[in-house]
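Some notes on the structure that comes next.
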Amino acid sequence: MGLASSFSQVSLDLFRGGYESASKCFNPADVEVDVAGRSFLVTGANSGIGKATAKEIARRGGTVHLVCRNKDRAEVAKEEIVTETGNQNIFLHIVDISNPKEIWKFAEKFRNEHQLNVLINNAGCMVNNRELTEDGLEKNFATNTLGTYIMTTALVPLLEKAADARVITVSSGGMLVQKLNVSDLQSESGPFDGTMVYAQNKRQQVVLTEQWAKAHRNIHFSVMHPGWADTPAVRSSMPAFYERMKNSLRTEAQGADTVLWLAVSAEATKLPSGLFFQDRQPVPTHLPLAYTHSPPEDEEKLMEVLEEFSQKFKPASPGI
């Protein structure tokens, strides 16, 4: 279990004990806020960190748009959030984040019908065998990287109209073991290692966040690592790691804490846009002495290639 084992040796801070230690320094007032009248969109919101985040935003009065792939599970999650929080302003949208045409269609409709203050890119996958989508895209790349890119860039025009606009992307500390690789974005060469492909996608999300922060100065961008949490995704994608570490994993709510803080607190936007967070603190995007830094031209290349893919799948005219 390459990613988890190599990275968990680097930092025990990512488990429940690390959260409990870090949280002693948290200011509870940071997230004790009323966000009524503000609109939040959470992808991958039917379980795990996405659902935990959506629920906490709903408790604080926010309008929450749940973007989910599985309609049945999504409806159960929506009902749970409404029942537990008493907030009726919870809306469900069924979108497959691995399908770029679907994202475009959704985003263009959403832009015409809703306002948006905060986008939370939480949807992700770790597919351990190389699978292609119906568009011929490698599934992890399509979901974690291209899906995040299209959802964000398609909604930027709406966010730019909003007060205190924010974009938060849920990455992973596993990205610290990866250097950006723009030569093989769809994992076509060499043996396929799903955990390392996932880690590469998560590195790409960090680069995206840094690039977006430079390009869109009136939106606050951040990317974060939730720590190793007990979520359905960890259980299904990393079963051996889960069995070994399940008694030390963070709860879903602990994993979601920094997402919530980045989404609702006034303190978060006092820090520069484009940073990588863990436990409400900005942390380095590279390990000491690691050879994971990439030249600017590689980062620009990533943006160019993703924009080309994005335009390829964009409908010819709105709503098509």
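Within each chain, counting starts at residue 1; across the structure tokens, chains are named A, B, ... in the order shown, with ligands numbered 1 upward in that order.
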
For this session: Find the residues near A:Leu287: any atom within 12 Å, counting only C-alpha atoms, skip ones fewer than 3 places away on the same chain, and give them as an NGL selection string.
Result: :A and (7 or 10-11 or 173-179 or 283-284 or 290-293)

Only C-alpha atoms, please: the residues just picked out, written as a short mmCIF file (atom, residue, chain, number, x, y, z; two decimals), in the first residue's frame.
data_model
loop_
_atom_site.label_atom_id
_atom_site.label_comp_id
_atom_site.auth_asym_id
_atom_site.auth_seq_id
_atom_site.Cartn_x
_atom_site.Cartn_y
_atom_site.Cartn_z
CA PHE A 7 3.31 8.82 3.78
CA VAL A 10 6.38 10.70 7.32
CA SER A 11 3.75 12.12 9.63
CA GLY A 173 -0.96 14.68 1.86
CA GLY A 174 -0.15 11.70 -0.34
CA MET A 175 0.66 14.27 -3.02
CA LEU A 176 3.87 15.04 -1.12
CA VAL A 177 5.43 11.86 -2.51
CA GLN A 178 4.79 12.95 -6.10
CA LYS A 179 6.43 15.45 -8.45
CA VAL A 283 1.76 23.79 5.53
CA PRO A 284 4.54 23.27 2.95
CA ALA A 290 12.32 16.14 -1.61
CA TYR A 291 12.81 16.24 -5.37
CA THR A 292 9.17 17.12 -6.00
CA HIS A 293 9.50 20.73 -7.17
#

ask   = Which neighbours of A:His65 fall inside 9 Å, counting only C-alpha atoms, when residues of the same chain fewer than 5 positions from it are skipped, and could you give them as a PyMOL selection string?
value = chain A and resi 39-43+45+54+89-93

Shortest contact to A:Pro157, candidates A:Asp193, A:Glu131, A:Asp72, A:Glu108, atoms counted only C-alpha atoms, goes to A:Glu108

Fewer than 5 positions away in the same chain doesn't count, so skip those; otherwise give me all residues within 10 Å of A:Met303, counting only C-alpha atoms, as a PyMOL selection string.
chain A and resi 149+182+204+207-208+211-212+297-298+308-309

| Using only C-alpha atoms, which residues sit within 12 Å of A:Glu20 once same-chain residues fewer than 2 positions away are excluded, as a VMD selection string? | chain A and resid 12 to 18 22 to 26 227 248 to 251 254 to 255 257 279

| request: Kindly give the distance, in Å, that separates atom CA of A:Gly62 and atom CA of A:Thr85, rounded to a single decimal. | output: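 Between atom CA of A:Gly62 and atom CA of A:Thr85 the gap is 10.7 Å.
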
| said: I'd like the neighbourhood of A:Ala107 as a list in words, where a residue qualifies if any of its atoms comes within 9 Å (using only C-alpha atoms), though same-chain residues fewer than 6 positions away should be ignored. | reply: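 Here the answer would be Ile150, Met151, Ala154 and Leu155 of chain A.
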
**Request:** Would you mind writing down, as a PyMOL selection string, each residue of stretch 22-75 of chain A that DSSP on the backbone assigns to helix (DSSP H, G or I)?
**Result:** chain A and resi 22-25+28-30+48-59+71-75

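Backbone DSSP over stretch 2-76 of chain A gives strand (DSSP E or B) for Ser39, Phe40, Leu41, Val42, Thr43, Thr63, Val64, His65, Leu66, Val67 and Cys68 of chain A.
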
List as a PyMOL selection string the protein and nucleic acid residues near A:Gln88, meaning an atom at most 10 Å away when only C-alpha atoms are counted, but skip any in the same chain fewer than 3 places from it. chain A and resi 58+61-64+78-79+81-83+85+91

Could those selected residues go to a file with N, CA, C and O atoms, as a compact mmCIF listing (two decimals), in the first residue's frame?
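This is the output file result_1.txt:
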# COMPACT_ATOMS: atom_id res chain seq x y z
N ALA A 58 -24.82 23.39 6.64
CA ALA A 58 -26.28 23.47 6.79
C ALA A 58 -26.65 23.87 8.22
O ALA A 58 -27.58 24.66 8.42
N GLY A 61 -26.76 27.51 8.66
CA GLY A 61 -27.74 28.28 7.92
C GLY A 61 -27.46 28.48 6.44
O GLY A 61 -28.23 29.15 5.75
N GLY A 62 -26.37 27.93 5.94
CA GLY A 62 -26.03 28.13 4.53
C GLY A 62 -26.96 27.38 3.59
O GLY A 62 -27.54 26.35 3.96
N THR A 63 -27.12 27.91 2.40
CA THR A 63 -27.78 27.17 1.31
C THR A 63 -26.74 26.22 0.73
O THR A 63 -25.64 26.66 0.37
N VAL A 64 -27.07 24.94 0.68
CA VAL A 64 -26.07 23.94 0.26
C VAL A 64 -26.56 23.18 -0.97
O VAL A 64 -27.66 22.62 -0.98
N LYS A 78 -29.24 13.77 1.55
CA LYS A 78 -29.98 15.03 1.64
C LYS A 78 -31.00 14.96 2.77
O LYS A 78 -31.11 15.89 3.59
N GLU A 79 -31.75 13.88 2.83
CA GLU A 79 -32.77 13.72 3.87
C GLU A 79 -32.14 13.75 5.26
O GLU A 79 -32.67 14.38 6.19
N ILE A 81 -29.32 15.25 6.12
CA ILE A 81 -28.86 16.61 6.41
C ILE A 81 -30.04 17.51 6.79
O ILE A 81 -29.97 18.25 7.80
N VAL A 82 -31.12 17.43 6.04
CA VAL A 82 -32.30 18.26 6.34
C VAL A 82 -32.87 17.90 7.71
O VAL A 82 -33.17 18.78 8.53
N THR A 83 -32.98 16.61 8.00
CA THR A 83 -33.55 16.15 9.27
C THR A 83 -32.68 16.57 10.45
O THR A 83 -33.18 17.07 11.47
N THR A 85 -30.36 18.96 10.65
CA THR A 85 -30.05 20.39 10.80
C THR A 85 -31.28 21.29 10.80
O THR A 85 -31.21 22.44 11.24
N PHE A 91 -30.14 21.46 -1.74
CA PHE A 91 -30.54 21.13 -3.11
C PHE A 91 -29.62 20.06 -3.68
O PHE A 91 -28.42 20.06 -3.42

Query - Distance query A:Thr153 at most 12 Å, only C-alpha atoms, self and fewer than 6 positions along chain excluded, as a list in words - result: Ile103, Trp104, Ala107, Glu108, Arg111, Leu119, Asn121, Leu146, Gly147, Leu159, Glu160, Val167, Leu208, Thr209, Gln211, Trp212, Ala215, His216, Ile219, Met303, Leu306, Glu307, Ser310, Gln311 and Lys314 of chain A

Same residues, N, CA and C atoms, saved as a JSON list (two decimals), in the first residue's frame:
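Result went into selection-v7.json, see below:
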[["chain", "number", "residue", "atom", "x", "y", "z"],
["A", 103, "ILE", "N", -20.48, 17.78, -16.59],
["A", 103, "ILE", "CA", -20.10, 18.90, -15.73],
["A", 103, "ILE", "C", -20.41, 20.23, -16.42],
["A", 104, "TRP", "N", -20.03, 20.34, -17.68],
["A", 104, "TRP", "CA", -20.32, 21.56, -18.44],
["A", 104, "TRP", "C", -21.81, 21.86, -18.46],
["A", 107, "ALA", "N", -22.93, 22.99, -15.01],
["A", 107, "ALA", "CA", -22.40, 24.29, -14.62],
["A", 107, "ALA", "C", -23.09, 25.43, -15.37],
["A", 108, "GLU", "N", -23.36, 25.22, -16.64],
["A", 108, "GLU", "CA", -24.01, 26.28, -17.42],
["A", 108, "GLU", "C", -25.44, 26.51, -16.95],
["A", 111, "ARG", "N", -25.23, 28.24, -13.42],
["A", 111, "ARG", "CA", -24.87, 29.66, -13.53],
["A", 111, "ARG", "C", -26.09, 30.52, -13.83],
["A", 119, "LEU", "N", -17.30, 27.25, -3.56],
["A", 119, "LEU", "CA", -17.23, 25.95, -4.23],
["A", 119, "LEU", "C", -16.27, 25.05, -3.46],
["A", 121, "ASN", "N", -14.54, 21.51, -3.90],
["A", 121, "ASN", "CA", -14.22, 20.37, -4.77],
["A", 121, "ASN", "C", -13.78, 19.21, -3.90],
["A", 146, "LEU", "N", -9.28, 16.53, -14.14],
["A", 146, "LEU", "CA", -10.05, 17.23, -15.18],
["A", 146, "LEU", "C", -11.42, 17.65, -14.65],
["A", 147, "GLY", "N", -12.08, 16.79, -13.89],
["A", 147, "GLY", "CA", -13.39, 17.15, -13.33],
["A", 147, "GLY", "C", -13.30, 18.36, -12.42],
["A", 159, "LEU", "N", -18.70, 32.85, -9.43],
["A", 159, "LEU", "CA", -18.01, 33.21, -8.18],
["A", 159, "LEU", "C", -17.49, 34.64, -8.22],
["A", 160, "GLU", "N", -17.06, 35.10, -9.39],
["A", 160, "GLU", "CA", -16.51, 36.45, -9.49],
["A", 160, "GLU", "C", -17.56, 37.53, -9.23],
["A", 167, "VAL", "N", -12.90, 29.07, -3.14],
["A", 167, "VAL", "CA", -12.85, 27.72, -3.72],
["A", 167, "VAL", "C", -11.91, 26.89, -2.85],
["A", 208, "LEU", "N", -3.03, 23.35, -9.52],
["A", 208, "LEU", "CA", -4.21, 24.08, -10.01],
["A", 208, "LEU", "C", -4.56, 25.22, -9.07],
["A", 209, "THR", "N", -4.59, 24.92, -7.79],
["A", 209, "THR", "CA", -4.96, 25.93, -6.79],
["A", 209, "THR", "C", -3.99, 27.11, -6.83],
["A", 211, "GLN", "N", -2.15, 28.08, -9.34],
["A", 211, "GLN", "CA", -2.31, 28.80, -10.60],
["A", 211, "GLN", "C", -3.59, 29.63, -10.62],
["A", 212, "TRP", "N", -4.67, 29.06, -10.12],
["A", 212, "TRP", "CA", -5.93, 29.81, -10.05],
["A", 212, "TRP", "C", -5.80, 31.03, -9.15],
["A", 215, "ALA", "N", -4.42, 33.78, -11.08],
["A", 215, "ALA", "CA", -5.25, 34.24, -12.20],
["A", 215, "ALA", "C", -6.52, 34.96, -11.76],
["A", 216, "HIS", "N", -7.04, 34.63, -10.60],
["A", 216, "HIS", "CA", -8.33, 35.18, -10.17],
["A", 216, "HIS", "C", -8.17, 35.78, -8.77],
["A", 219, "ILE", "N", -11.06, 35.92, -5.89],
["A", 219, "ILE", "CA", -11.57, 34.67, -5.30],
["A", 219, "ILE", "C", -10.47, 34.10, -4.42],
["A", 303, "MET", "N", -1.88, 23.46, -17.11],
["A", 303, "MET", "CA", -3.04, 24.32, -17.33],
["A", 303, "MET", "C", -3.46, 24.33, -18.80],
["A", 306, "LEU", "N", -5.13, 20.91, -19.71],
["A", 306, "LEU", "CA", -6.47, 20.80, -19.11],
["A", 306, "LEU", "C", -7.46, 21.72, -19.81],
["A", 307, "GLU", "N", -7.00, 22.90, -20.20],
["A", 307, "GLU", "CA", -7.89, 23.82, -20.93],
["A", 307, "GLU", "C", -8.26, 23.23, -22.29],
["A", 310, "SER", "N", -10.80, 20.63, -21.65],
["A", 310, "SER", "CA", -12.03, 21.29, -21.23],
["A", 310, "SER", "C", -12.81, 21.82, -22.43],
["A", 311, "GLN", "N", -12.13, 22.48, -23.33],
["A", 311, "GLN", "CA", -12.78, 23.05, -24.51],
["A", 311, "GLN", "C", -13.29, 21.95, -25.45],
["A", 314, "LYS", "N", -16.65, 20.99, -24.13],
["A", 314, "LYS", "CA", -17.60, 22.07, -23.87],
["A", 314, "LYS", "C", -18.71, 22.04, -24.92]]

From the options A:Lys55, A:Arg38, A:His114, A:His220, which residue's atoms come nearest to A:Lys270, counting only C-alpha atoms?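 Closest to A:Lys270 of all the choices is A:His220.
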